[in-house]
$ cat data.cif   # mmCIF, C-alpha atoms
data_final
loop_
_atom_site.label_atom_id
_atom_site.label_comp_id
_atom_site.auth_asym_id
_atom_site.auth_seq_id
_atom_site.Cartn_x
_atom_site.Cartn_y
_atom_site.Cartn_z
CA MET Y 145 81.29 -3.61 56.96
CA GLN Y 146 81.61 0.13 57.50
CA CYS Y 147 78.42 1.08 55.67
CA PRO Y 148 76.38 -0.99 53.17
CA LEU Y 149 75.18 2.12 51.32
CA LEU Y 150 78.74 3.38 50.94
CA TYR Y 151 79.66 -0.03 49.49
CA ARG Y 152 76.87 0.40 46.93
CA PHE Y 153 78.00 3.91 46.00
CA ARG Y 154 81.60 2.77 45.49
CA VAL Y 155 81.22 -0.70 43.99
CA ILE Y 156 77.88 -0.70 42.16
CA ASP Y 157 77.24 2.96 41.29
CA LYS Y 158 80.99 3.58 40.97
CA LEU Y 159 80.58 7.18 42.09
CA PRO Y 160 83.77 9.23 41.87
CA GLN Y 161 85.55 10.21 45.07
CA LYS Y 162 87.62 13.29 45.59
CA PRO Y 163 91.27 12.59 46.38
CA SER Y 164 92.16 13.41 49.98
CA GLU Y 165 95.42 14.73 51.34
CA ALA Y 166 95.53 12.09 54.10
CA ALA Y 167 94.93 9.09 51.83
CA THR Y 168 97.34 10.37 49.20
CA ARG Y 169 100.02 10.97 51.82
CA GLY Y 170 99.52 7.39 52.96
CA THR Y 171 100.02 6.13 49.41
CA LEU Y 172 103.17 8.23 49.09
CA VAL Y 173 104.67 6.98 52.36
CA HIS Y 174 103.88 3.37 51.46
CA ALA Y 175 105.66 3.80 48.13
CA VAL Y 176 108.75 5.26 49.83
CA LEU Y 177 108.97 2.44 52.38
CA GLU Y 178 108.59 -0.13 49.62
CA ARG Y 179 111.27 1.42 47.43
CA LEU Y 180 113.73 1.85 50.31
CA PHE Y 181 114.33 -1.91 50.34
CA ASP Y 182 115.70 -1.68 46.79
CA ASN Y 183 118.83 -0.30 48.46
CA PRO Y 184 121.50 -2.43 50.19
CA ALA Y 185 120.92 -2.71 53.94
CA PRO Y 186 123.64 -0.18 54.99
CA GLU Y 187 122.03 2.46 52.75
CA ARG Y 188 118.56 2.17 54.28
CA THR Y 189 118.87 5.35 56.31
CA PRO Y 190 116.38 8.09 57.22
CA GLY Y 191 118.14 10.47 54.86
CA ARG Y 192 117.97 8.03 51.98
CA ALA Y 193 114.30 7.34 52.70
CA THR Y 194 113.23 10.99 52.75
CA SER Y 195 115.25 11.66 49.59
CA LEU Y 196 112.92 9.24 47.78
CA ILE Y 197 109.83 11.35 48.50
CA PRO Y 198 110.06 13.87 45.60
CA ALA Y 199 110.52 11.18 42.95
CA GLN Y 200 107.72 9.03 44.37
CA TRP Y 201 105.40 12.05 44.46
CA ASP Y 202 106.19 12.71 40.80
CA ARG Y 203 105.40 9.08 39.98
CA LEU Y 204 102.07 9.35 41.79
CA LEU Y 205 101.16 12.49 39.85
CA GLU Y 206 102.11 10.78 36.59
CA SER Y 207 99.91 7.75 37.31
CA LYS Y 208 97.05 9.79 38.80
CA PRO Y 209 97.05 13.35 37.36
CA GLU Y 210 93.86 14.13 39.28
CA LEU Y 211 95.94 14.33 42.48
CA ALA Y 212 97.18 17.70 41.31
CA GLU Y 213 93.72 19.00 42.28
CA LEU Y 214 94.73 18.66 45.94
CA PHE Y 215 97.01 21.69 45.66
CA ALA Y 216 95.39 23.56 42.77
CA GLU Y 217 94.67 26.53 45.05
CA ASP Y 218 98.19 26.69 46.41
CA PRO Y 219 100.02 28.99 43.99
CA GLU Y 220 102.98 29.56 46.30
CA GLY Y 221 103.34 25.87 47.08
CA GLU Y 222 103.16 26.42 50.84
CA ARG Y 223 100.49 23.78 51.51
CA LEU Y 224 102.30 21.27 49.33
CA ALA Y 225 105.54 21.94 51.21
CA ARG Y 226 103.84 21.35 54.58
CA TRP Y 227 102.19 18.21 53.23
CA LEU Y 228 105.50 16.82 52.01
CA SER Y 229 107.14 17.72 55.34
CA GLU Y 230 104.50 15.69 57.17
CA ALA Y 231 105.25 12.76 54.87
CA GLU Y 232 108.92 13.14 55.79
CA ARG Y 233 108.10 13.05 59.50
CA LEU Y 234 106.07 9.87 59.07
CA VAL Y 235 108.88 8.19 57.15
CA GLU Y 236 111.47 9.26 59.74
CA ARG Y 237 109.29 7.98 62.59
CA TRP Y 238 109.29 4.52 61.04
CA PHE Y 239 113.00 4.22 61.84
CA SER Y 240 112.21 4.47 65.56
CA LEU Y 241 109.83 1.50 65.22
CA GLU Y 242 111.75 -0.85 62.92
CA ASP Y 243 115.34 -1.19 61.75
CA PRO Y 244 115.32 -1.73 57.96
CA THR Y 245 119.03 -2.59 57.96
CA ARG Y 246 118.10 -5.82 59.76
CA LEU Y 247 115.14 -6.70 57.53
CA GLU Y 248 115.07 -8.53 54.22
CA PRO Y 249 111.40 -8.76 53.23
CA ALA Y 250 110.34 -11.85 51.32
CA GLU Y 251 107.64 -9.82 49.60
CA ARG Y 252 106.63 -6.15 49.27
CA GLU Y 253 103.26 -4.88 48.03
CA MET Y 254 102.34 -8.49 47.34
CA PHE Y 255 99.06 -9.18 45.53
CA VAL Y 256 97.43 -12.32 46.97
CA GLU Y 257 94.32 -14.17 45.87
CA THR Y 258 92.69 -17.44 46.85
CA GLU Y 259 89.35 -19.17 46.45
CA LEU Y 260 87.47 -20.72 49.35
CA GLU Y 261 85.57 -24.00 49.07
CA SER Y 262 82.35 -22.00 48.74
CA GLY Y 263 83.65 -20.39 45.55
CA LEU Y 264 84.20 -17.01 47.23
CA ARG Y 265 87.47 -15.43 46.08
CA LEU Y 266 89.54 -13.33 48.48
CA ARG Y 267 92.20 -10.95 47.30
CA GLY Y 268 94.26 -8.07 48.59
CA VAL Y 269 97.66 -6.40 48.63
CA ILE Y 270 99.96 -6.98 51.62
CA ASP Y 271 102.48 -4.24 52.43
CA ARG Y 272 105.25 -6.57 53.54
CA ILE Y 273 105.86 -10.23 54.31
CA ASP Y 274 108.87 -11.32 56.35
CA VAL Y 275 109.94 -14.96 56.50
CA THR Y 276 112.40 -16.33 59.06
CA PRO Y 277 115.03 -18.93 58.13
CA THR Y 278 112.81 -21.52 59.85
CA GLY Y 279 109.85 -20.58 57.64
CA GLU Y 280 107.77 -18.53 60.10
CA VAL Y 281 105.75 -15.81 58.38
CA ARG Y 282 105.10 -12.26 59.61
CA ILE Y 283 102.59 -10.02 57.84
CA VAL Y 284 103.30 -6.30 58.24
CA ASP Y 285 101.00 -3.40 57.37
CA TYR Y 286 101.91 0.28 57.57
CA LYS Y 287 99.33 2.79 58.79
CA THR Y 288 99.99 6.51 58.53
CA GLY Y 289 97.29 7.32 61.08
CA LYS Y 290 97.25 6.84 64.84
CA ALA Y 291 96.75 3.55 66.65
CA PRO Y 292 93.14 2.93 67.72
CA ARG Y 293 92.11 2.76 71.37
CA PRO Y 294 92.15 -0.78 72.81
CA GLU Y 295 88.37 -1.15 72.52
CA TYR Y 296 88.66 -0.65 68.74
CA ALA Y 297 91.71 -2.86 68.23
CA GLU Y 298 89.68 -5.82 66.95
CA GLY Y 299 88.40 -3.79 64.03
CA ALA Y 300 91.93 -2.82 63.09
CA LEU Y 301 93.10 -6.44 63.30
CA PHE Y 302 90.32 -7.76 61.07
CA GLN Y 303 92.16 -6.63 57.92
CA MET Y 304 95.28 -8.45 59.10
CA LYS Y 305 93.35 -11.62 59.89
CA PHE Y 306 91.85 -11.38 56.41
CA TYR Y 307 95.38 -11.41 54.96
CA ALA Y 308 96.38 -14.24 57.28
CA LEU Y 309 93.41 -16.29 56.10
CA VAL Y 310 94.40 -15.75 52.47
CA ILE Y 311 98.00 -16.83 53.15
CA TRP Y 312 96.79 -19.88 55.12
CA ARG Y 313 94.44 -21.01 52.35
CA LEU Y 314 96.98 -20.18 49.66
CA LYS Y 315 100.13 -21.66 51.17
CA GLY Y 316 98.90 -23.87 54.00
CA VAL Y 317 100.86 -21.82 56.56
CA VAL Y 318 99.34 -19.91 59.48
CA PRO Y 319 101.35 -16.67 59.83
CA ARG Y 320 103.27 -16.55 63.09
CA ARG Y 321 102.62 -12.84 63.64
CA LEU Y 322 100.47 -9.99 62.36
CA GLN Y 323 101.99 -6.54 62.82
CA LEU Y 324 100.43 -3.11 62.35
CA VAL Y 325 102.91 -0.23 62.32
CA TYR Y 326 101.21 3.10 63.14
CA LEU Y 327 103.43 5.90 61.91
CA GLY Y 328 101.03 8.61 63.03
CA SER Y 329 101.39 7.78 66.71
CA GLY Y 330 104.57 5.71 66.77
CA ASP Y 331 102.88 2.51 67.96
CA VAL Y 332 103.23 -1.10 66.88
CA MET Y 333 100.33 -3.52 67.35
CA THR Y 334 101.01 -7.25 67.09
CA TYR Y 335 98.83 -10.33 67.18
CA ASP Y 336 99.73 -14.01 66.89
CA PRO Y 337 96.84 -15.83 65.16
CA VAL Y 338 95.79 -19.45 65.53
CA VAL Y 339 93.71 -21.63 63.23
CA ALA Y 340 90.51 -20.96 65.20
CA ASP Y 341 90.94 -17.20 64.56
CA LEU Y 342 91.17 -17.72 60.83
CA GLU Y 343 88.22 -20.11 60.75
CA ARG Y 344 86.10 -17.45 62.47
CA VAL Y 345 87.20 -14.85 59.94
CA GLU Y 346 86.30 -17.20 57.11
CA ARG Y 347 82.80 -17.73 58.51
CA LYS Y 348 82.36 -13.99 58.92
CA LEU Y 349 83.46 -13.33 55.34
CA LEU Y 350 81.04 -15.93 54.00
CA ALA Y 351 78.25 -14.29 55.99
CA LEU Y 352 79.32 -10.87 54.75
CA TRP Y 353 79.22 -12.03 51.16
CA ASP Y 354 75.77 -13.52 51.71
CA ALA Y 355 74.61 -10.12 52.95
CA ILE Y 356 76.21 -8.38 49.95
CA SER Y 357 74.59 -10.84 47.55
CA LEU Y 358 71.16 -10.31 49.09
CA ALA Y 359 71.49 -6.53 49.03
CA THR Y 360 72.66 -6.65 45.41
CA GLU Y 361 69.58 -8.64 44.40
CA THR Y 362 67.05 -6.59 46.38
CA GLY Y 363 68.64 -3.14 46.16
CA GLU Y 364 68.30 -2.82 49.94
CA TRP Y 365 71.51 -1.01 50.91
CA ARG Y 366 71.09 0.57 54.33
CA PRO Y 367 73.21 3.48 55.53
CA ARG Y 368 75.05 2.86 58.80
CA PRO Y 369 75.73 6.21 60.49
CA THR Y 370 79.01 6.51 62.38
CA LYS Y 371 81.53 9.23 63.21
CA LEU Y 372 83.12 8.46 59.84
CA CYS Y 373 80.15 10.01 58.03
CA GLY Y 374 81.84 13.38 58.29
CA TRP Y 375 84.55 12.13 55.93
CA CYS Y 376 82.14 10.69 53.33
CA ASP Y 377 82.04 12.22 49.84
CA HIS Y 378 78.44 11.13 49.33
CA GLN Y 379 76.50 12.82 52.12
CA ALA Y 380 74.39 14.73 49.57
CA LEU Y 381 73.05 11.37 48.29
CA CYS Y 382 72.57 9.73 51.69
CA PRO Y 383 69.09 9.48 53.28
CA GLU Y 384 70.66 10.02 56.71
CA PHE Y 385 71.50 13.56 55.58
CA GLY Y 386 68.31 14.23 53.62
CA GLY Y 387 69.67 13.04 50.29
CA THR Y 388 68.34 10.62 47.70
CA PRO Y 389 70.55 7.89 46.22
CA PRO Y 390 70.77 7.67 42.43
CA VAL Y 391 68.49 5.24 40.58
CA TYR Y 392 69.67 1.70 41.31
CA PRO Y 393 71.48 0.50 38.17
CA LEU Y 394 70.74 -3.23 38.61
CA SER Y 395 67.52 -5.23 38.32
CA VAL Y 396 66.05 -6.21 41.67
CA ARG Y 397 63.75 -8.80 43.16
CA PRO Y 398 61.34 -8.02 46.02
CA ALA Y 399 62.81 -8.32 49.50
CA GLU Y 400 61.44 -11.23 51.55
CA SER Y 401 60.57 -8.82 54.33
CA THR Y 402 62.13 -5.75 55.88
CA GLN Y 403 62.92 -7.66 59.07
CA ASP Y 404 64.52 -10.54 57.19
CA VAL Y 405 66.66 -8.27 55.03
CA GLN Y 406 67.83 -6.29 58.03
CA GLY Y 407 68.78 -9.47 59.87
CA ARG Y 408 70.69 -10.92 56.96
CA MET Y 409 72.49 -7.64 56.35
CA ASP Y 410 74.22 -8.28 59.68
CA PRO Y 411 77.24 -10.37 58.55
CA VAL Y 412 77.70 -11.89 62.00
CA ARG Y 413 74.28 -13.54 61.97
CA ALA Y 414 74.28 -15.20 58.56
CA ASP Y 415 76.22 -18.40 57.98
CA THR Y 416 76.49 -19.18 54.26
CA GLY Y 417 78.31 -17.71 51.29
CA ARG Y 418 77.80 -17.43 47.56
CA PRO Y 419 80.47 -17.32 44.84
CA GLY Y 420 82.00 -13.89 44.36
CA ALA Y 421 84.97 -11.88 45.52
CA LEU Y 422 85.99 -9.78 48.51
CA GLU Y 423 89.02 -7.53 48.63
CA GLY Y 424 91.04 -6.60 51.70
CA HIS Y 425 92.17 -2.96 52.11
#
$ encode --input "data.cif" --output "structure tokens"
Amino acid sequence: MQCPLLYRFRVIDKLPQKPSEAATRGTLVHAVLERLFDNPAPERTPGRATSLIPAQWDRLLESKPELAELFAEDPEGERLARWLSEAERLVERWFSLEDPTRLEPAEREMFVETELESGLRLRGVIDRIDVTPTGEVRIVDYKTGKAPRPEYAEGALFQMKFYALVIWRLKGVVPRRLQLVYLGSGDVMTYDPVVADLERVERKLLALWDAISLATETGEWRPRPTKLCGWCDHQALCPEFGGTPPVYPLSVRPAESTQDVQGRMDPVRADTGRPGALEGH
């Protein structure tokens, strides 16, 4: 949805991406918040949470040694120390937004997968699922960045509605609440979905997969310039910046017409899906 060409680079060409400090810090904070719930409720304190950071950072380095590149040019360890301090601040801020001593998550870092009637499989990993004694479900996602402005809130909620759709199709229960916890700005965004919301998301996903299938067959992956281009690792290969993409690794069939391809690459306009899989992030 962000950029069809970027999807190609990541999923089809499988081009490597440099690790980033921001994304890695997010992974670290997520791991700390997950592990904190291993402790009894009275021990879920800010001090206990921040004390988990060094061990979780070591675990990340063990599983992904390439992350050491982030601080390769930091012989004195000053940048690493600042980076870890920022992770501490994000973890501590969470305690002003939620009280973990009053929470007993039903699931943490839960992998979910379901298959729609069309054959399209949906899968993702949900940060946290809370279930009330009466069976109401709340889906919670942690974000280490800042909350978006109101006009961009729908984009942020799409991921959560994706998860809600998976839970609905998997368990037959519409989640009572979707909750985004923004540690970067100290905001909490909530949304209470209804069946009509999830049906719309399902139609959009089917249309999106149709667009992906068509682009895969024709090799027509269009760049979609946005402000996020400045963060892209693949500018040197992008036509928008004077680059040339690598040779397409799959066989292709001729596009029906440029106008038709462009129209069907808009996931809101198409209406059918083909078997495959989409992952929520």
$ resolve_selection --input "data.cif" --expression "the PyMOL selection byres ((chain Y and resi 277-279) around 10)" --output "PyMOL selection string"
chain Y and resi 274-276+280-282+317+319-320
$ resolve_selection --input "data.cif" --expression "the PyMOL selection byres ((chain Y and resi 232-245) around 10)" --output "NGL selection string"
:Y and (169-170 or 172-174 or 176-177 or 180-181 or 183-191 or 193-197 or 226-231 or 246-249 or 286-289 or 325-332)
$ closest_residue --input "data.cif" --among "Y:Glu253, Y:Glu364, Y:Glu423, Y:Glu213" --to "Pro398 (chain Y)" --atoms "all atoms listed in the file"
Y:Glu364
$ closest_residue --input "data.cif" --among "Y:Val345, Y:Ile273, Y:Val256, Y:Ala340" --to "Phe306 (chain Y)" --atoms "all atoms listed in the file"
Y:Val345
$ residues_around --input "data.cif" --residues "Asp341 (chain Y)" --least-positions-apart "6" --cutoff "10 Å" --atoms "all atoms listed in the file" --output "MDAnalysis selection string"
chainID Y and resid 305 308:309
$ resolve_selection --input "data.cif" --expression "the PyMOL selection byres ((chain Y and resi 385) around 12)" --output "list of chain:residue names"
Y:Pro367, Y:Arg368, Y:Pro369, Y:Cys373, Y:Gly374, Y:Cys376, Y:His378, Y:Gln379, Y:Ala380, Y:Leu381, Y:Cys382, Y:Pro383, Y:Glu384, Y:Gly386, Y:Gly387, Y:Thr388, Y:Pro389
$ residues_around --input "data.cif" --residues "Thr362 (chain Y)" --least-positions-apart "3" --cutoff "6 Å" --atoms "all atoms listed in the file" --output "JSON, numbers by chain"
{"Y": [359, 396, 397, 398, 399]}
$ residues_around --input "data.cif" --residues "Gln323 (chain Y)" --least-positions-apart "4" --cutoff "9 Å" --atoms "all atoms listed in the file" --output "PyMOL selection string"
chain Y and resi 282-286+301+304+332-336
$ atom_distance --input "data.cif" --atom1 "CA of Leu349 (chain Y)" --atom2 "CA of Leu264 (chain Y)"
8.9 Å
$ atom_distance --input "data.cif" --atom1 "CA of Pro209 (chain Y)" --atom2 "CA of Ala167 (chain Y)"
15.2 Å
$ closest_residue --input "data.cif" --among "Y:Lys162, Y:Arg152, Y:Lys290, Y:Arg252" --to "Glu210 (chain Y)" --atoms "only C-alpha atoms"
Y:Lys162
